[in-house]
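Containing mmCIF, C-alpha atoms: protein.cif.
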data_target
loop_
_atom_site.label_atom_id
_atom_site.label_comp_id
_atom_site.auth_asym_id
_atom_site.auth_seq_id
_atom_site.Cartn_x
_atom_site.Cartn_y
_atom_site.Cartn_z
CA MET R 24 75.33 -71.83 -141.51
CA ASN R 25 74.93 -68.52 -139.68
CA CYS R 26 71.37 -69.55 -138.97
CA LEU R 27 72.56 -72.77 -137.30
CA VAL R 28 75.18 -70.99 -135.18
CA THR R 29 72.67 -68.38 -134.03
CA TRP R 30 70.03 -70.98 -133.23
CA VAL R 31 72.43 -73.22 -131.26
CA ALA R 32 73.82 -70.24 -129.32
CA SER R 33 70.30 -69.10 -128.42
CA ALA R 34 69.30 -72.61 -127.37
CA ALA R 35 72.44 -72.93 -125.27
CA ARG R 36 71.65 -69.69 -123.42
CA ARG R 37 68.12 -70.85 -122.70
CA LEU R 38 69.32 -74.23 -121.51
CA GLN R 39 71.96 -72.63 -119.30
CA PHE R 40 69.20 -70.64 -117.60
CA ILE R 41 67.17 -73.83 -117.11
CA ALA R 42 70.25 -75.63 -115.81
CA THR R 43 70.78 -73.07 -113.06
CA SER R 44 67.34 -73.89 -111.68
CA LEU R 45 68.03 -77.64 -111.87
CA ARG R 46 71.36 -77.60 -110.00
CA PRO R 47 71.65 -81.35 -109.33
CA HIS R 48 71.12 -82.10 -113.03
CA ALA R 49 72.91 -79.07 -114.53
CA THR R 50 75.41 -81.08 -116.62
CA TYR R 51 72.70 -83.32 -118.08
CA ALA R 52 70.39 -80.37 -118.77
CA THR R 53 73.00 -78.42 -120.72
CA ARG R 54 74.50 -81.24 -122.80
CA LEU R 55 71.80 -83.71 -123.77
CA PRO R 56 69.19 -81.29 -125.12
CA LEU R 57 71.73 -79.60 -127.42
CA VAL R 58 72.60 -82.96 -128.94
CA THR R 59 68.95 -83.92 -129.38
CA LEU R 60 67.98 -80.52 -130.76
CA LEU R 61 70.85 -80.31 -133.28
CA PRO R 62 68.98 -82.20 -136.05
CA LEU R 63 66.00 -79.87 -135.58
CA ALA R 64 68.30 -76.87 -135.89
CA LEU R 65 69.77 -78.25 -139.11
CA ALA R 66 66.30 -78.89 -140.52
CA ALA R 67 65.12 -75.40 -139.61
CA CYS R 68 68.11 -73.82 -141.33
CA ALA R 69 68.05 -76.02 -144.40
CA THR R 70 67.16 -74.08 -147.49
CA THR R 71 64.73 -75.62 -149.93
CA PRO R 72 65.11 -74.77 -153.60
CA LYS R 73 62.84 -71.91 -154.60
CA GLN R 74 60.00 -72.85 -156.95
CA THR R 75 59.98 -71.30 -160.38
CA SER R 76 57.02 -69.18 -161.45
CA ALA R 77 55.77 -72.06 -163.61
CA GLU R 78 56.00 -74.47 -160.66
CA ARG R 79 54.13 -72.01 -158.42
CA HIS R 80 51.45 -71.63 -161.10
CA ALA R 81 51.07 -75.41 -161.37
CA ALA R 82 50.93 -75.85 -157.59
CA ALA R 83 48.28 -73.14 -157.23
CA LYS R 84 46.24 -74.72 -160.03
CA ALA R 85 46.48 -78.14 -158.39
CA ALA R 86 45.37 -76.76 -155.02
CA PHE R 87 42.45 -74.90 -156.59
CA ASP R 88 41.37 -77.85 -158.73
CA THR R 89 41.56 -80.29 -155.80
CA THR R 90 39.40 -78.04 -153.64
CA THR R 91 36.84 -77.58 -156.40
CA LYS R 92 36.62 -81.26 -157.37
CA GLU R 93 36.79 -82.84 -153.91
CA PHE R 94 34.67 -80.41 -151.91
CA HIS R 95 32.93 -77.55 -153.74
CA LEU R 96 31.31 -79.42 -156.63
CA PRO R 97 30.24 -82.42 -154.49
CA SER R 98 28.59 -80.02 -152.02
CA ALA R 99 25.95 -79.21 -154.68
CA GLU R 100 24.90 -82.88 -154.69
CA SER R 101 24.88 -83.25 -150.89
CA ARG R 102 22.40 -82.32 -148.20
CA GLY R 103 22.39 -81.54 -144.49
CA ALA R 104 25.51 -81.97 -142.38
CA GLU R 105 27.49 -83.49 -145.23
CA ARG R 106 26.83 -80.48 -147.41
CA GLN R 107 27.94 -78.12 -144.65
CA ARG R 108 31.10 -80.18 -144.11
CA LEU R 109 31.96 -80.05 -147.80
CA LEU R 110 31.34 -76.29 -147.97
CA THR R 111 33.54 -75.75 -144.92
CA GLU R 112 36.34 -77.79 -146.48
CA ALA R 113 35.93 -75.94 -149.77
CA ALA R 114 36.24 -72.59 -147.98
CA ARG R 115 39.39 -73.80 -146.21
CA GLY R 116 40.87 -74.97 -149.49
CA TYR R 117 40.25 -71.66 -151.23
CA GLU R 118 41.65 -69.77 -148.24
CA ARG R 119 44.81 -71.93 -148.46
CA VAL R 120 45.23 -70.97 -152.12
CA LEU R 121 44.86 -67.31 -151.17
CA SER R 122 47.41 -67.52 -148.36
CA ARG R 123 50.01 -69.76 -150.02
CA TYR R 124 49.95 -68.45 -153.60
CA LYS R 125 49.67 -64.68 -153.28
CA ASP R 126 52.04 -64.38 -156.23
CA GLN R 127 49.52 -66.14 -158.51
CA PRO R 128 46.73 -63.62 -159.22
CA PHE R 129 45.08 -65.80 -161.87
CA TRP R 130 44.37 -68.57 -159.34
CA CYS R 131 43.84 -66.27 -156.36
CA ALA R 132 41.12 -64.34 -158.18
CA GLN R 133 39.32 -67.61 -158.92
CA ALA R 134 39.80 -68.83 -155.35
CA LEU R 135 38.45 -65.57 -153.93
CA ARG R 136 35.38 -65.65 -156.17
CA SER R 137 34.81 -69.31 -155.35
CA LEU R 138 35.12 -68.54 -151.64
CA ALA R 139 32.47 -65.86 -152.12
CA ASN R 140 30.27 -68.44 -153.87
CA VAL R 141 30.65 -70.74 -150.86
CA ARG R 142 29.65 -67.95 -148.48
CA ALA R 143 26.62 -67.14 -150.65
CA THR R 144 25.57 -70.80 -150.59
CA GLN R 145 25.96 -70.80 -146.81
CA GLY R 146 23.58 -67.85 -146.62
CA ARG R 147 26.32 -65.45 -145.50
CA THR R 148 25.26 -62.74 -147.93
CA ALA R 149 27.25 -59.86 -146.42
CA ASP R 150 30.47 -61.92 -146.42
CA ALA R 151 29.82 -63.09 -149.97
CA VAL R 152 29.24 -59.56 -151.29
CA ARG R 153 32.37 -58.28 -149.52
CA LEU R 154 34.45 -61.07 -151.05
CA TYR R 155 32.98 -60.50 -154.51
CA GLY R 156 33.94 -56.85 -154.19
CA ASP R 157 37.45 -57.82 -153.09
CA VAL R 158 38.04 -59.60 -156.40
CA ALA R 159 37.98 -56.29 -158.29
CA ASN R 160 39.97 -54.49 -155.59
CA LYS R 161 42.72 -57.09 -155.30
CA TYR R 162 42.83 -58.49 -158.84
CA PRO R 163 41.60 -55.72 -161.18
CA ASP R 164 43.46 -57.20 -164.15
CA GLN R 165 41.58 -60.51 -163.91
CA SER R 166 38.69 -59.20 -166.00
CA TRP R 167 36.67 -62.40 -166.26
CA GLU R 168 36.72 -62.93 -162.50
CA VAL R 169 35.79 -59.27 -161.91
CA LEU R 170 32.87 -59.55 -164.34
CA GLN R 171 31.58 -62.74 -162.75
CA SER R 172 32.07 -61.38 -159.23
CA TRP R 173 30.14 -58.18 -159.89
CA ARG R 174 27.34 -60.12 -161.55
CA SER R 175 27.21 -62.58 -158.64
CA ALA R 176 27.26 -59.79 -156.04
CA ALA R 177 24.43 -58.04 -157.86
CA ASP R 178 22.38 -61.23 -158.24
CA VAL R 179 22.84 -62.22 -154.58
CA LEU R 180 21.79 -58.76 -153.41
CA TRP R 181 18.85 -58.68 -155.84
CA GLU R 182 17.57 -62.04 -154.60
CA ALA R 183 18.00 -60.88 -150.99
CA GLY R 184 15.74 -57.91 -151.75
CA ASN R 185 18.51 -55.31 -151.59
CA ARG R 186 17.79 -53.91 -155.03
CA GLU R 187 19.51 -50.54 -154.63
CA GLN R 188 22.86 -52.07 -153.68
CA ALA R 189 22.42 -54.67 -156.43
CA ARG R 190 21.99 -51.86 -158.97
CA VAL R 191 25.38 -50.44 -157.91
CA TYR R 192 27.07 -53.67 -159.02
CA TYR R 193 25.06 -53.94 -162.22
CA ARG R 194 26.10 -50.37 -163.10
CA LEU R 195 29.77 -51.11 -162.36
CA LEU R 196 29.54 -54.14 -164.63
CA ILE R 197 27.99 -52.15 -167.47
CA GLU R 198 30.43 -49.25 -167.15
CA ARG R 199 33.46 -51.50 -167.42
CA PHE R 200 32.33 -54.24 -169.76
CA ASP R 201 29.82 -52.68 -172.18
CA THR R 202 32.33 -52.17 -174.99
CA PRO R 203 32.03 -52.63 -178.77
CA ASP R 204 34.74 -55.30 -178.84
CA ALA R 205 33.32 -57.36 -175.94
CA ALA R 206 33.04 -61.11 -176.45
CA GLN R 207 29.57 -62.55 -176.98
CA VAL R 208 29.41 -64.08 -173.50
CA VAL R 209 30.29 -60.71 -171.97
CA ARG R 210 27.62 -58.96 -174.06
CA THR R 211 25.07 -61.48 -172.79
CA ILE R 212 25.98 -60.72 -169.18
CA VAL R 213 25.85 -56.98 -169.85
CA ARG R 214 22.39 -57.34 -171.43
CA GLY R 215 21.21 -59.18 -168.34
CA ALA R 216 22.52 -56.38 -166.12
CA LYS R 217 20.76 -53.76 -168.24
CA ALA R 218 17.53 -55.73 -168.07
CA ARG R 219 17.72 -55.79 -164.28
CA LEU R 220 18.33 -52.04 -164.15
CA SER R 221 15.24 -51.45 -166.27
CA GLU R 222 12.98 -53.37 -163.89
#
Mind turning this structure into structure tokens?
Amino acid sequence: MNCLVTWVASAARRLQFIATSLRPHATYATRLPLVTLLPLALAACATTPKQTSAERHAAAKAAFDTTTKEFHLPSAESRGAERQRLLTEAARGYERVLSRYKDQPFWCAQALRSLANVRATQGRTADAVRLYGDVANKYPDQSWEVLQSWRSAADVLWEAGNREQARVYYRLLIERFDTPDAAQVVRTIVRGAKARLSE
């Protein structure tokens, strides 16, 4: 309610100022707009129920999945302008996940890595590598996403001919993930990194 009172008082002061410059219509200018703006004030001050953590998780998942299914995956099957359109929409979708669901690191880490994948596909290597690096910086506890991001950064750099910088990412990957209790898929990725370093 305090929000409504403050908003109406502020609007009234602004309208009073306008009314003084519209002398012949001063009464109309000060009364009608307040009446017409009252529903907007109520809507602005209305409080919506806060989502639970589970609801936020589900909403982030839905936003991520929709972006992946409707734009990112179809872009691989498309060509030309349509492919670029789909990649642009995919990037926007992942950016929305990152801006709206900052409290959901599981989905944000995936969205950030996927955004990096989009940039790599678009040939924006520097942007892609920066975003891959951001995954580890922003979401260090999301181990799978960190592993995949470092591998992708290294592979993109390697293919671009920047072998020295690629080796930095392969070494990071090995240092963190070459452990005796690593899952088989992780060991496979680590072996691949080691093979690259030996070339």
Quick check on the file I pasted: which residues fall under the PyMOL selection byres ((chain R and resi 124) around 12)? Write them as JSON, numbers by chain. {"R": [74, 76, 78, 79, 80, 81, 82, 83, 84, 85, 86, 87, 116, 117, 118, 119, 120, 121, 122, 123, 125, 126, 127, 128, 129, 130, 131, 132, 133, 134, 135]}
Point-to-point distance from CA of Arg210 (chain R) to CA of Arg147 (chain R), Å rounded to tenths: 29.3 Å
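CA of Val152 (chain R) is positioned 19.0 Å from CA of Glu198 (chain R).
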For the file shown, report as a PyMOL selection string the outcome of the PyMOL selection byres ((chain R and resi 217) around 10) at residue level. chain R and resi 190+193-194+196-197+201+211-216+218-222
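When all atoms listed in the file are used to compute distances to Ser175 (chain R), the closest of the residues R:Asn140, R:Gly146, R:Pro163, R:Arg153 turns out to be R:Asn140.
If you look at CA of Thr111 (chain R) and CA of Tyr155 (chain R), they are 18.0 Å away from each other.
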